[in-house]
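*Asks:* Dropping in data_4.txt, with compact mmCIF, C-alpha atoms.
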# COMPACT_ATOMS: atom_id res chain seq x y z
CA MET A 1 218.83 39.33 156.13
CA ILE A 2 221.19 36.38 155.75
CA LYS A 3 219.82 34.92 158.96
CA ARG A 4 216.32 35.21 157.59
CA LEU A 5 217.32 33.53 154.35
CA LEU A 6 219.01 30.71 156.20
CA PHE A 7 215.93 30.30 158.31
CA LEU A 8 213.74 30.00 155.22
CA VAL A 9 216.11 27.48 153.64
CA ALA A 10 216.10 25.46 156.84
CA LEU A 11 212.32 25.63 156.96
CA GLY A 12 212.18 24.45 153.36
CA LEU A 13 214.46 21.53 154.07
CA VAL A 14 212.38 20.51 157.05
CA ALA A 15 209.24 20.69 154.89
CA VAL A 16 210.86 18.56 152.17
CA TRP A 17 211.97 16.11 154.82
CA PHE A 18 208.45 15.69 156.14
CA LEU A 19 206.81 15.63 152.73
CA THR A 20 209.07 12.84 151.51
CA ILE A 21 208.69 10.54 154.53
CA PRO A 22 207.62 7.13 153.19
CA ALA A 23 203.93 6.60 154.00
CA THR A 24 202.66 3.45 155.68
CA VAL A 25 199.37 1.69 156.38
CA PRO A 26 199.17 1.07 160.15
CA GLU A 27 198.21 -2.30 161.63
CA ARG A 28 195.12 -0.73 163.22
CA ALA A 29 193.72 0.15 159.77
CA LEU A 30 193.23 -3.57 159.15
CA ALA A 31 190.22 -5.17 160.85
CA ALA A 32 190.08 -8.93 161.37
CA HIS A 33 190.06 -10.76 158.03
CA THR A 34 190.31 -14.40 157.00
CA PRO A 35 192.11 -14.59 153.66
CA ASP A 36 190.17 -16.06 150.76
CA LEU A 37 192.94 -18.01 149.04
CA ALA A 38 191.02 -18.59 145.81
CA ASN A 39 190.53 -14.85 145.47
CA GLY A 40 194.17 -14.35 146.43
CA LYS A 41 195.18 -16.56 143.52
CA GLU A 42 192.92 -14.61 141.16
CA MET A 43 194.67 -11.41 142.30
CA PHE A 44 198.05 -13.08 141.86
CA LEU A 45 197.15 -13.96 138.27
CA ALA A 46 195.54 -10.62 137.51
CA GLY A 47 198.51 -8.83 139.06
CA GLY A 48 200.99 -10.77 136.98
CA CYS A 49 203.29 -11.09 140.00
CA ALA A 50 205.03 -14.12 138.52
CA SER A 51 205.89 -12.31 135.30
CA CYS A 52 208.52 -10.31 137.14
CA HIS A 53 209.11 -12.15 140.41
CA ALA A 54 209.31 -15.80 139.29
CA VAL A 55 212.87 -17.04 139.01
CA PRO A 56 213.76 -16.49 135.31
CA LYS A 57 214.05 -19.33 132.81
CA GLN A 58 212.07 -21.96 134.68
CA GLU A 59 208.64 -23.41 134.04
CA ASP A 60 207.39 -23.22 137.64
CA ARG A 61 205.81 -19.78 138.00
CA THR A 62 205.17 -20.14 141.72
CA ARG A 63 208.83 -20.00 142.74
CA LEU A 64 209.06 -16.28 143.37
CA GLY A 65 212.75 -15.94 144.12
CA GLY A 66 213.14 -12.93 141.83
CA GLY A 67 216.36 -11.99 140.06
CA LEU A 68 214.99 -10.84 136.72
CA ALA A 69 216.88 -7.79 135.40
CA LEU A 70 214.63 -4.97 134.19
CA ASN A 71 216.45 -2.50 131.97
CA SER A 72 215.08 1.03 132.03
CA PRO A 73 216.19 4.53 131.03
CA PHE A 74 217.14 5.05 134.70
CA GLY A 75 219.30 1.99 135.10
CA THR A 76 218.80 -1.69 135.78
CA PHE A 77 216.35 -2.92 138.38
CA TYR A 78 216.71 -6.39 139.86
CA VAL A 79 213.38 -7.87 140.87
CA PRO A 80 213.36 -8.91 144.54
CA ASN A 81 212.48 -12.23 146.13
CA ILE A 82 208.81 -12.27 147.22
CA SER A 83 208.67 -15.97 147.99
CA SER A 84 207.48 -17.14 151.39
CA ASP A 85 211.07 -17.55 152.57
CA PRO A 86 211.21 -15.81 155.99
CA LYS A 87 214.78 -14.61 155.56
CA ASP A 88 215.07 -13.63 151.91
CA GLY A 89 211.41 -13.31 150.89
CA ILE A 90 208.26 -11.96 152.53
CA GLY A 91 207.57 -14.89 154.85
CA ALA A 92 208.25 -12.82 157.97
CA TRP A 93 206.30 -9.74 156.85
CA SER A 94 203.17 -8.62 158.67
CA GLU A 95 199.97 -8.05 156.74
CA ALA A 96 200.29 -4.31 157.32
CA GLN A 97 203.79 -4.33 155.85
CA PHE A 98 202.53 -6.12 152.76
CA VAL A 99 199.58 -3.78 152.33
CA THR A 100 201.93 -0.83 152.83
CA ALA A 101 204.27 -2.11 150.14
CA LEU A 102 201.57 -2.38 147.49
CA ASN A 103 199.41 0.53 148.55
CA LYS A 104 202.06 3.10 149.46
CA GLY A 105 205.16 1.79 147.70
CA THR A 106 207.02 1.67 151.01
CA SER A 107 209.19 -1.22 152.17
CA PRO A 108 209.02 -2.80 155.65
CA ASN A 109 212.17 -0.93 156.65
CA GLY A 110 210.57 2.36 155.69
CA LYS A 111 212.19 3.02 152.31
CA HIS A 112 210.53 4.11 149.09
CA TYR A 113 210.21 1.50 146.39
CA TYR A 114 210.98 2.49 142.82
CA PRO A 115 207.86 2.66 140.67
CA ALA A 116 209.29 -0.10 138.44
CA PHE A 117 207.21 -1.95 141.02
CA PRO A 118 203.84 -0.76 139.68
CA TYR A 119 202.32 0.60 142.89
CA PRO A 120 200.78 3.57 141.06
CA SER A 121 198.40 0.88 139.78
CA TYR A 122 198.45 -1.44 142.79
CA GLN A 123 197.32 1.42 145.07
CA ARG A 124 193.85 0.95 143.50
CA ILE A 125 193.57 -2.61 144.83
CA GLY A 126 191.22 -2.98 147.80
CA PHE A 127 192.74 -3.95 151.15
CA ASP A 128 190.76 -7.20 151.34
CA ASP A 129 192.08 -8.26 147.94
CA LEU A 130 195.63 -7.37 149.03
CA ARG A 131 195.25 -9.42 152.18
CA ASP A 132 193.89 -12.38 150.20
CA LEU A 133 196.86 -12.07 147.86
CA PHE A 134 199.25 -12.02 150.81
CA GLY A 135 197.57 -15.14 152.19
CA TYR A 136 197.97 -16.86 148.83
CA LEU A 137 201.62 -15.85 148.41
CA LYS A 138 202.37 -17.41 151.78
CA THR A 139 201.14 -20.78 150.45
CA LEU A 140 203.77 -20.73 147.67
CA PRO A 141 207.17 -22.37 148.16
CA PRO A 142 209.99 -20.54 149.95
CA VAL A 143 213.00 -19.79 147.75
CA ALA A 144 216.27 -18.94 149.47
CA GLY A 145 218.59 -16.26 148.18
CA ARG A 146 218.57 -12.50 148.31
CA VAL A 147 218.66 -10.63 144.99
CA ARG A 148 221.40 -8.07 144.37
CA ASP A 149 220.73 -4.31 144.67
CA HIS A 150 219.51 -2.26 141.74
CA ASP A 151 222.16 -0.82 139.47
CA LEU A 152 221.22 2.85 139.17
CA PRO A 153 223.41 5.90 138.61
CA PHE A 154 223.24 9.06 140.73
CA PRO A 155 220.78 10.68 141.44
CA PHE A 156 218.36 7.80 140.82
CA ASN A 157 220.11 5.72 143.48
CA ILE A 158 218.84 8.06 146.22
CA ARG A 159 215.55 6.57 147.29
CA ARG A 160 214.47 9.59 149.27
CA THR A 161 214.00 11.49 145.99
CA LEU A 162 211.13 9.11 145.27
CA GLY A 163 209.21 10.92 147.99
CA GLY A 164 209.10 13.87 145.59
CA TRP A 165 208.13 11.58 142.74
CA LYS A 166 205.25 10.25 144.79
CA LEU A 167 204.07 13.78 145.62
CA LEU A 168 203.85 14.44 141.90
CA PHE A 169 202.60 11.13 140.54
CA LEU A 170 201.05 8.99 143.28
CA ASP A 171 197.55 10.16 144.11
CA GLY A 172 196.84 7.72 146.94
CA GLN A 173 193.31 7.10 145.71
CA PRO A 174 191.58 3.71 145.91
CA PHE A 175 189.55 2.49 142.94
CA LYS A 176 186.27 4.40 142.63
CA PRO A 177 183.47 2.55 140.84
CA ASP A 178 181.42 4.47 138.30
CA PRO A 179 177.76 3.99 139.30
CA ALA A 180 176.64 4.87 135.76
CA GLN A 181 178.40 1.76 134.43
CA SER A 182 177.56 -1.92 134.75
CA VAL A 183 178.91 -4.21 137.45
CA GLN A 184 180.92 -6.02 134.76
CA TRP A 185 182.48 -2.80 133.44
CA ASN A 186 183.43 -1.73 136.96
CA ARG A 187 185.01 -5.10 137.67
CA GLY A 188 186.98 -4.70 134.44
CA ALA A 189 188.02 -1.15 135.27
CA TYR A 190 189.16 -2.32 138.69
CA LEU A 191 191.21 -5.21 137.30
CA VAL A 192 192.72 -3.22 134.42
CA ASN A 193 193.70 -0.15 136.45
CA GLY A 194 194.54 -1.95 139.68
CA ALA A 195 196.06 -5.40 139.80
CA GLY A 196 196.31 -5.81 136.03
CA HIS A 197 198.39 -2.62 135.73
CA CYS A 198 197.87 -2.72 131.94
CA ALA A 199 198.61 0.99 131.53
CA GLU A 200 202.11 0.58 132.97
CA CYS A 201 203.27 -0.90 129.65
CA HIS A 202 200.49 0.25 127.32
CA SER A 203 201.22 3.96 127.87
CA PRO A 204 204.08 6.35 127.17
CA ARG A 205 205.95 7.85 130.11
CA ASN A 206 207.26 11.34 130.80
CA ALA A 207 210.85 12.33 131.59
CA PHE A 208 210.33 11.27 135.22
CA GLY A 209 209.18 7.82 134.17
CA ALA A 210 205.53 8.42 135.08
CA VAL A 211 202.65 7.42 132.83
CA ILE A 212 201.28 10.41 130.89
CA PRO A 213 197.57 10.51 131.90
CA SER A 214 196.23 11.96 128.64
CA LEU A 215 197.96 9.22 126.66
CA ARG A 216 197.02 6.36 128.97
CA PHE A 217 196.51 3.09 127.05
CA THR A 218 197.82 4.54 123.77
CA GLY A 219 200.90 2.34 123.76
CA GLY A 220 204.49 3.39 123.55
CA PRO A 221 208.00 2.05 123.57
CA ALA A 222 208.49 -1.13 125.59
CA PRO A 223 209.73 -0.30 129.11
CA ASP A 224 212.93 -2.22 128.43
CA GLY A 225 213.41 -0.51 125.07
CA GLN A 226 212.83 -3.67 123.03
CA GLY A 227 210.25 -2.77 120.40
CA GLY A 228 206.88 -1.23 121.06
CA VAL A 229 203.71 -1.88 123.02
CA PRO A 230 200.47 -1.37 121.08
CA ASN A 231 197.72 1.16 121.61
CA ILE A 232 194.75 -0.63 123.23
CA THR A 233 192.24 2.21 122.96
CA GLN A 234 189.57 2.00 120.27
CA HIS A 235 191.95 3.84 117.99
CA LYS A 236 193.70 0.54 117.44
CA LEU A 237 191.14 -2.02 118.64
CA LYS A 238 187.97 -0.74 116.96
CA ASP A 239 187.68 -3.91 114.86
CA TRP A 240 188.03 -6.13 117.91
CA THR A 241 184.90 -7.25 119.74
CA ALA A 242 184.91 -7.68 123.52
CA ALA A 243 184.85 -11.44 122.83
CA ASP A 244 188.01 -11.05 120.70
CA ILE A 245 189.79 -9.26 123.55
CA ALA A 246 188.71 -11.88 126.09
CA GLY A 247 189.75 -14.60 123.64
CA THR A 248 193.20 -13.11 123.21
CA LEU A 249 193.66 -13.05 126.98
CA ALA A 250 192.66 -16.72 127.03
CA ASP A 251 194.59 -18.20 124.11
CA GLY A 252 197.15 -15.56 123.13
CA MET A 253 195.86 -15.15 119.61
CA THR A 254 194.73 -11.95 117.95
CA PRO A 255 191.49 -12.07 115.91
CA ASP A 256 193.54 -12.46 112.71
CA ALA A 257 195.16 -15.55 114.28
CA ASP A 258 198.55 -14.04 114.82
CA ARG A 259 200.06 -14.67 118.23
CA VAL A 260 200.71 -11.97 120.81
CA GLY A 261 204.40 -11.24 121.27
CA GLY A 262 206.92 -9.68 123.62
CA ASN A 263 205.97 -9.37 127.27
CA MET A 264 202.35 -10.08 126.38
CA VAL A 265 203.25 -13.76 126.10
CA GLU A 266 203.91 -13.72 129.84
CA VAL A 267 200.76 -11.73 130.51
CA VAL A 268 198.60 -14.26 128.68
CA ARG A 269 200.22 -17.02 130.68
CA ASN A 270 198.51 -15.42 133.67
CA THR A 271 195.28 -14.17 132.13
CA SER A 272 194.59 -17.58 130.56
CA GLN A 273 194.14 -18.85 134.13
CA LEU A 274 191.74 -16.12 135.26
CA THR A 275 188.03 -16.90 135.47
CA ALA A 276 186.24 -16.41 132.15
CA ALA A 277 184.05 -13.81 133.88
CA ASP A 278 187.08 -11.70 134.80
CA ARG A 279 188.47 -11.90 131.26
CA LEU A 280 185.13 -10.74 129.90
CA ALA A 281 185.03 -7.90 132.44
CA ILE A 282 188.50 -6.76 131.40
CA ALA A 283 187.40 -6.96 127.77
CA ALA A 284 184.24 -4.94 128.39
CA TYR A 285 186.28 -2.17 129.99
CA ILE A 286 189.04 -2.17 127.35
CA LYS A 287 186.38 -2.08 124.62
CA SER A 288 185.00 1.09 126.24
CA LEU A 289 188.27 3.06 126.11
CA PRO A 290 187.77 6.09 123.84
CA ALA A 291 189.94 6.20 120.72
CA VAL A 292 193.13 8.20 121.36
CA GLU A 293 195.78 8.30 118.71
CA GLY A 294 198.78 8.64 120.97
CA ALA A 295 202.32 9.52 120.07
CA ALA A 296 204.05 7.75 117.23
CA PRO A 297 205.89 4.73 118.56
CA ALA A 298 209.63 5.04 118.64
CA LYS A 299 211.24 3.20 115.73
CA LYS A 300 213.40 0.37 116.87
CA MET B 301 210.58 -22.22 92.89
CA ALA B 302 212.11 -22.00 96.32
CA GLN B 303 215.44 -21.28 94.75
CA SER B 304 214.18 -18.51 92.49
CA ASP B 305 212.40 -16.50 95.17
CA PRO B 306 212.78 -17.82 98.68
CA ILE B 307 211.23 -14.73 100.27
CA ALA B 308 208.03 -15.11 98.25
CA ALA B 309 208.00 -18.83 99.00
CA ARG B 310 208.25 -18.42 102.76
CA GLN B 311 205.78 -15.54 102.79
CA SER B 312 203.34 -17.77 100.94
CA LEU B 313 203.86 -20.57 103.47
CA MET B 314 203.33 -18.20 106.38
CA LYS B 315 200.21 -16.80 104.72
CA HIS B 316 198.78 -20.31 104.46
CA ASN B 317 199.81 -21.04 108.05
CA ASN B 318 197.86 -17.99 109.10
CA ASP B 319 194.79 -18.84 106.97
CA ASN B 320 194.68 -22.23 108.62
CA ALA B 321 195.24 -20.75 112.05
CA LYS B 322 192.30 -18.41 111.46
CA ALA B 323 190.03 -21.32 110.54
CA VAL B 324 191.11 -23.20 113.65
CA LEU B 325 190.80 -20.12 115.87
CA GLN B 326 187.18 -19.64 114.76
CA MET B 327 186.43 -23.15 115.99
CA MET B 328 188.23 -22.52 119.28
CA ARG B 329 186.29 -19.32 119.87
CA GLY B 330 182.94 -20.90 118.99
CA GLN B 331 182.55 -18.81 115.84
CA ALA B 332 182.62 -21.90 113.61
CA ALA B 333 181.66 -25.54 114.13
CA PHE B 334 184.43 -28.00 114.98
CA ASP B 335 185.50 -29.66 111.73
CA ALA B 336 188.00 -32.49 112.10
CA ALA B 337 188.84 -32.53 108.38
CA LYS B 338 189.72 -28.84 108.38
CA VAL B 339 191.83 -29.28 111.53
CA ASP B 340 193.67 -32.17 109.90
CA ALA B 341 194.28 -30.12 106.76
CA ALA B 342 195.68 -27.29 108.87
CA PHE B 343 198.08 -29.62 110.67
CA ALA B 344 199.14 -31.17 107.36
CA GLN B 345 200.00 -27.77 105.96
CA TRP B 346 201.88 -26.73 109.11
CA ALA B 347 203.89 -29.95 108.95
CA ASP B 348 204.77 -29.09 105.36
CA THR B 349 205.90 -25.61 106.46
CA ALA B 350 208.10 -26.98 109.22
CA GLN B 351 209.81 -29.26 106.76
CA LYS B 352 210.40 -26.62 104.07
CA LEU B 353 211.27 -23.67 106.30
CA PRO B 354 214.97 -24.31 106.99
CA GLY B 355 215.71 -24.42 103.25
CA LEU B 356 214.10 -21.07 102.51
CA PHE B 357 216.68 -18.76 104.08
CA PRO B 358 219.68 -18.70 101.72
CA ASP B 359 222.22 -15.92 102.24
CA ASN B 360 220.83 -13.87 99.35
CA SER B 361 217.38 -13.57 100.98
CA LYS B 362 218.13 -11.37 103.95
CA THR B 363 216.34 -8.28 102.73
CA GLY B 364 213.69 -7.18 100.26
CA SER B 365 209.99 -7.76 99.59
CA ASP B 366 209.07 -6.41 103.06
CA THR B 367 210.49 -9.51 104.68
CA ARG B 368 209.94 -9.69 108.43
CA ALA B 369 212.83 -12.09 108.86
CA THR B 370 215.39 -10.70 111.33
CA PRO B 371 219.16 -10.78 110.64
CA LYS B 372 219.45 -12.99 113.73
CA ILE B 373 218.30 -15.95 111.64
CA TRP B 374 221.56 -16.02 109.73
CA LEU B 375 223.63 -15.49 112.86
CA ASN B 376 221.94 -18.42 114.61
CA LYS B 377 220.95 -20.67 111.74
CA ASN B 378 221.38 -23.82 113.82
CA ASP B 379 219.07 -22.55 116.52
CA PHE B 380 216.61 -21.38 113.88
CA ASP B 381 216.59 -24.80 112.23
CA ALA B 382 216.21 -26.51 115.60
CA LYS B 383 213.18 -24.35 116.36
CA ALA B 384 211.64 -25.15 113.00
CA ALA B 385 212.17 -28.83 113.79
CA ALA B 386 210.60 -28.37 117.24
CA PHE B 387 207.60 -26.77 115.56
CA GLY B 388 207.35 -29.77 113.23
CA LYS B 389 207.55 -32.12 116.19
CA ALA B 390 204.81 -30.26 118.10
CA VAL B 391 202.60 -30.38 115.01
CA ALA B 392 203.16 -34.11 114.50
CA GLU B 393 202.65 -35.03 118.13
CA ASN B 394 199.46 -33.05 118.59
CA ARG B 395 197.70 -33.72 115.31
CA ASP B 396 195.69 -36.67 116.58
CA GLN B 397 194.34 -35.02 119.70
CA ALA B 398 193.59 -31.84 117.76
CA LYS B 399 191.28 -33.56 115.30
CA ALA B 400 189.68 -35.73 117.99
CA SER B 401 187.72 -32.99 119.79
CA LEU B 402 187.46 -29.30 120.51
CA ASP B 403 189.11 -29.78 123.91
CA GLY B 404 191.91 -31.67 122.20
CA LEU B 405 192.25 -28.87 119.68
CA ASN B 406 192.56 -26.28 122.45
CA ALA B 407 195.23 -28.32 124.19
CA ALA B 408 197.08 -28.93 120.93
CA ILE B 409 197.08 -25.29 119.89
CA ALA B 410 198.41 -24.22 123.27
CA ILE B 411 201.47 -26.39 122.59
CA VAL B 412 201.87 -25.73 118.88
CA GLY B 413 201.37 -22.02 119.48
CA LYS B 414 204.33 -21.96 121.85
CA ALA B 415 206.45 -23.46 119.10
CA CYS B 416 205.31 -20.62 116.82
CA ASP B 417 206.27 -18.09 119.50
CA ALA B 418 209.66 -19.69 120.04
CA CYS B 419 210.70 -18.68 116.54
CA HIS B 420 208.76 -15.46 116.15
CA GLU B 421 210.15 -14.00 119.34
CA ASP B 422 213.69 -13.67 117.97
CA TYR B 423 213.36 -14.22 114.28
CA ARG B 424 210.42 -12.13 113.18
CA VAL B 425 210.28 -8.34 113.20
CA PRO B 426 207.27 -7.23 115.30
CA LYS B 427 204.44 -5.67 113.37
CA GLN B 428 204.29 -2.30 115.09
Would you kindly transcribe this structure into structure tokens?
*Replies:*
Amino acid sequence: MIKRLLFLVALGLVAVWFLTIPATVPERALAAHTPDLANGKEMFLAGGCASCHAVPKQEDRTRLGGGLALNSPFGTFYVPNISSDPKDGIGAWSEAQFVTALNKGTSPNGKHYYPAFPYPSYQRIGFDDLRDLFGYLKTLPPVAGRVRDHDLPFPFNIRRTLGGWKLLFLDGQPFKPDPAQSVQWNRGAYLVNGAGHCAECHSPRNAFGAVIPSLRFTGGPAPDGQGGVPNITQHKLKDWTAADIAGTLADGMTPDADRVGGNMVEVVRNTSQLTAADRLAIAAYIKSLPAVEGAAPAKK
Amino acid sequence: MAQSDPIAARQSLMKHNNDNAKAVLQMMRGQAAFDAAKVDAAFAQWADTAQKLPGLFPDNSKTGSDTRATPKIWLNKNDFDAKAAAFGKAVAENRDQAKASLDGLNAAIAIVGKACDACHEDYRVPKQ
């Protein structure tokens, strides 16, 4: 009896072990591809990479040495160096390692990344776009210096547990266009849910720190606990036209001529450089989000 | 007037700032024709705000009348005043290009807007 129990426990542990192995994208999954650097830059801007990875408190947003501290309910994350530096950044990474990082949330040395790195959104980005982005990142200046480790209490400091998190909250699905919608709407849906990762801030999260699907885009407390992030469904934006939304992404002003605040200032710094067509696509998709009231924002 | 009710005075200034910003925004977004006189009037009023602002936060005006001023203002009054001055400087330096053309207006507002943000980020309670 005891032997049988032990056997079952051992079997369970082995199963957990296999189920939480960090997934990768193999080299052979990537056919020959010449990176389109202009598209890579568009992905860089849509993805807002610089908002977290640029060295804090400097004007140049292409020096991606990292170091920004992200406070969260789980502890403090320190954003890593993704500059082209071969030693401290991603200069020595292979394409497959880069694609694996963004698509699977797995590092080149086979560890799970924390989802503070928004791979639940980035997994929707197409491989060609990821490879163009990688090509573009390699054209940016190398910045020396490795960023310190995250400061997380037990049990959040055990990366293997993220394998379980991924089983629950990472579906592994690429973006699927909706043939019933326009090309523009689909482009917007792709940018918003993939690179743009809008829902990562504009949604409340559950106790495990995962976005609550039914309340996606309904806003919530800011990830760092400083104030709130607004609802961007039609519950809140019904008086905004698609042109208003695109305009805000271009000039940072709301239709009533107030200025966007908080982390959105950084976002607009990126979106203002996107092509006008991409801003309009994002706007068309956001304008189509059904009104959902969402939970009351936490009072500061 | 400023002495009797500083909160009302600054709220009125900010309201006018916003009315002018709306007029300018409509031009920027192509919802209204570019009007150099209106742009100039907006910049004149913003310059006036920048000049008056530092004097409108006496110690007895920290709360009341739904003020969105944060307590940080009184803890960092020097920084607050410096940011008001920087706003005034941005307004003065960009007034000419703003009224010259729509492109100039866009460039000017990008700079002046940052000066707005610089203060609002720490010293204004967010709306939500």
*Asks:* Please indicate the distance in Å from atom CA of Lys41 of chain A to atom CA of Ala189 of chain A, rounded to one decimal place.
*Replies:* 18.9 Å
*Asks:* Go through segment 41-148 of chain A residue by residue and, counting only C-alpha atoms, keep those with an atom at most 10 Å from segment 196-219 of chain A; for each kept residue give the shortest atom pair and its distance in Å to one decimal, ordered by chain and increasing number, as JSON lines.
*Replies:*
{"residue": "A:Met43", "atom": "CA", "partner": "A:Gly196", "partner_atom": "CA", "distance": 8.6}
{"residue": "A:Phe44", "atom": "CA", "partner": "A:Gly196", "partner_atom": "CA", "distance": 9.5}
{"residue": "A:Leu45", "atom": "CA", "partner": "A:Gly196", "partner_atom": "CA", "distance": 8.5}
{"residue": "A:Ala46", "atom": "CA", "partner": "A:Gly196", "partner_atom": "CA", "distance": 5.1}
{"residue": "A:Gly47", "atom": "CA", "partner": "A:Gly196", "partner_atom": "CA", "distance": 4.8}
{"residue": "A:Gly48", "atom": "CA", "partner": "A:Gly196", "partner_atom": "CA", "distance": 6.9}
{"residue": "A:Cys49", "atom": "CA", "partner": "A:Gly196", "partner_atom": "CA", "distance": 9.6}
{"residue": "A:Ser72", "atom": "CA", "partner": "A:Gly209", "partner_atom": "CA", "distance": 9.2}
{"residue": "A:Pro73", "atom": "CA", "partner": "A:Gly209", "partner_atom": "CA", "distance": 8.4}
{"residue": "A:Phe74", "atom": "CA", "partner": "A:Gly209", "partner_atom": "CA", "distance": 8.4}
{"residue": "A:Pro115", "atom": "CA", "partner": "A:Ala210", "partner_atom": "CA", "distance": 8.4}
{"residue": "A:Ala116", "atom": "CA", "partner": "A:Gly209", "partner_atom": "CA", "distance": 9.0}
{"residue": "A:Phe117", "atom": "CA", "partner": "A:Glu200", "partner_atom": "CA", "distance": 9.9}
{"residue": "A:Pro118", "atom": "CA", "partner": "A:His197", "partner_atom": "CA", "distance": 7.0}
{"residue": "A:Tyr119", "atom": "CA", "partner": "A:His197", "partner_atom": "CA", "distance": 8.8}
{"residue": "A:Pro120", "atom": "CA", "partner": "A:His197", "partner_atom": "CA", "distance": 8.5}
{"residue": "A:Ser121", "atom": "CA", "partner": "A:His197", "partner_atom": "CA", "distance": 5.4}
{"residue": "A:Tyr122", "atom": "CA", "partner": "A:His197", "partner_atom": "CA", "distance": 7.2}
{"residue": "A:Arg124", "atom": "CA", "partner": "A:His197", "partner_atom": "CA", "distance": 9.7}
{"residue": "A:Ile125", "atom": "CA", "partner": "A:Gly196", "partner_atom": "CA", "distance": 9.8}
*Asks:* Atom CA of Gln97 of chain A and atom CA of Phe134 of chain A are how many Å apart?
*Replies:*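 Interatomic distance, atom CA of Gln97 of chain A to atom CA of Phe134 of chain A: 10.3 Å.
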*Asks:* Within 8 Å of segment 410-425 of chain B, which residues of segment 206-274 of chain A show up? Give each one with its shortest atom-to-atom distance in Å (one decimal) and the two atoms involved, counting all atoms listed in the file, rows by chain then rising residue number, as a tab-separated table.
*Replies:*
residue	atom	partner	partner_atom	distance
A:Asp251	CA	B:Ala410	CA	7.2
A:Arg259	CA	B:Asp417	CA	7.2
A:Gly261	CA	B:Glu421	CA	6.7
A:Gly262	CA	B:Glu421	CA	6.9
*Asks:* Any idea which chain B residues end up within 7 Å of chain A if we count only C-alpha atoms, as a ChimeraX atom specification please?
*Replies:* /B:318,321-322,325,329,421,428
*Asks:* For a quick check of understanding, using only C-alpha atoms, which of B:Ala344, B:Met327, B:Leu356, B:Ala382 has the smallest distance to Pro306 of chain B?
*Replies:* B:Leu356
*Asks:* Kindly provide, as lines of an AutoDock Vina configuration file, the centre and edge lengths (Å, one decimal) of an axis-aligned box around all atoms of segment 29-40 of chain A given in the file, with 3 Å on each side.
*Replies:*
center_x = 192.1
center_y = -9.2
center_z = 153.4
size_x = 10.1
size_y = 24.7
size_z = 21.9
*Asks:* Please measure the separation of atom CA of Val147 of chain A and atom CA of Gly135 of chain A, giving the value in Å to one decimal.
*Replies:* 22.7 Å
*Asks:* Neighbours of segment 18-24 of chain A within 12 Å (all atoms listed in the file; same-chain residues fewer than 6 positions away dropped), as number ranges by chain?
*Replies:* A: 11-12, 95-114, 159-168, 170, 172
*Asks:* Could you take the residues named above and write them with C-alpha atoms, as a PDB file, keeping the file's coordinate frame?
*Replies:*
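Saved result, selection_33.pdb, follows:
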ATOM      1  CA  LEU A  11     212.320  25.630 156.960  1.00  0.00           C
ATOM      2  CA  GLY A  12     212.180  24.450 153.360  1.00  0.00           C
ATOM      3  CA  GLU A  95     199.970  -8.050 156.740  1.00  0.00           C
ATOM      4  CA  ALA A  96     200.290  -4.310 157.320  1.00  0.00           C
ATOM      5  CA  GLN A  97     203.790  -4.330 155.850  1.00  0.00           C
ATOM      6  CA  PHE A  98     202.530  -6.120 152.760  1.00  0.00           C
ATOM      7  CA  VAL A  99     199.580  -3.780 152.330  1.00  0.00           C
ATOM      8  CA  THR A 100     201.930  -0.830 152.830  1.00  0.00           C
ATOM      9  CA  ALA A 101     204.270  -2.110 150.140  1.00  0.00           C
ATOM     10  CA  LEU A 102     201.570  -2.380 147.490  1.00  0.00           C
ATOM     11  CA  ASN A 103     199.410   0.530 148.550  1.00  0.00           C
ATOM     12  CA  LYS A 104     202.060   3.100 149.460  1.00  0.00           C
ATOM     13  CA  GLY A 105     205.160   1.790 147.700  1.00  0.00           C
ATOM     14  CA  THR A 106     207.020   1.670 151.010  1.00  0.00           C
ATOM     15  CA  SER A 107     209.190  -1.220 152.170  1.00  0.00           C
ATOM     16  CA  PRO A 108     209.020  -2.800 155.650  1.00  0.00           C
ATOM     17  CA  ASN A 109     212.170  -0.930 156.650  1.00  0.00           C
ATOM     18  CA  GLY A 110     210.570   2.360 155.690  1.00  0.00           C
ATOM     19  CA  LYS A 111     212.190   3.020 152.310  1.00  0.00           C
ATOM     20  CA  HIS A 112     210.530   4.110 149.090  1.00  0.00           C
ATOM     21  CA  TYR A 113     210.210   1.500 146.390  1.00  0.00           C
ATOM     22  CA  TYR A 114     210.980   2.490 142.820  1.00  0.00           C
ATOM     23  CA  ARG A 159     215.550   6.570 147.290  1.00  0.00           C
ATOM     24  CA  ARG A 160     214.470   9.590 149.270  1.00  0.00           C
ATOM     25  CA  THR A 161     214.000  11.490 145.990  1.00  0.00           C
ATOM     26  CA  LEU A 162     211.130   9.110 145.270  1.00  0.00           C
ATOM     27  CA  GLY A 163     209.210  10.920 147.990  1.00  0.00           C
ATOM     28  CA  GLY A 164     209.100  13.870 145.590  1.00  0.00           C
ATOM     29  CA  TRP A 165     208.130  11.580 142.740  1.00  0.00           C
ATOM     30  CA  LYS A 166     205.250  10.250 144.790  1.00  0.00           C
ATOM     31  CA  LEU A 167     204.070  13.780 145.620  1.00  0.00           C
ATOM     32  CA  LEU A 168     203.850  14.440 141.900  1.00  0.00           C
ATOM     33  CA  LEU A 170     201.050   8.990 143.280  1.00  0.00           C
ATOM     34  CA  GLY A 172     196.840   7.720 146.940  1.00  0.00           C
TER      35      GLY A 172
END
*Asks:* Here is a test: counting only C-alpha atoms, which residue of A:Glu27, A:Glu266, A:Glu293, A:Asp278 is nearest to His53 of chain A?
*Replies:*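 Of A:Glu27, A:Glu266, A:Glu293, A:Asp278, the one nearest His53 of chain A, counting only C-alpha atoms, is A:Glu266.
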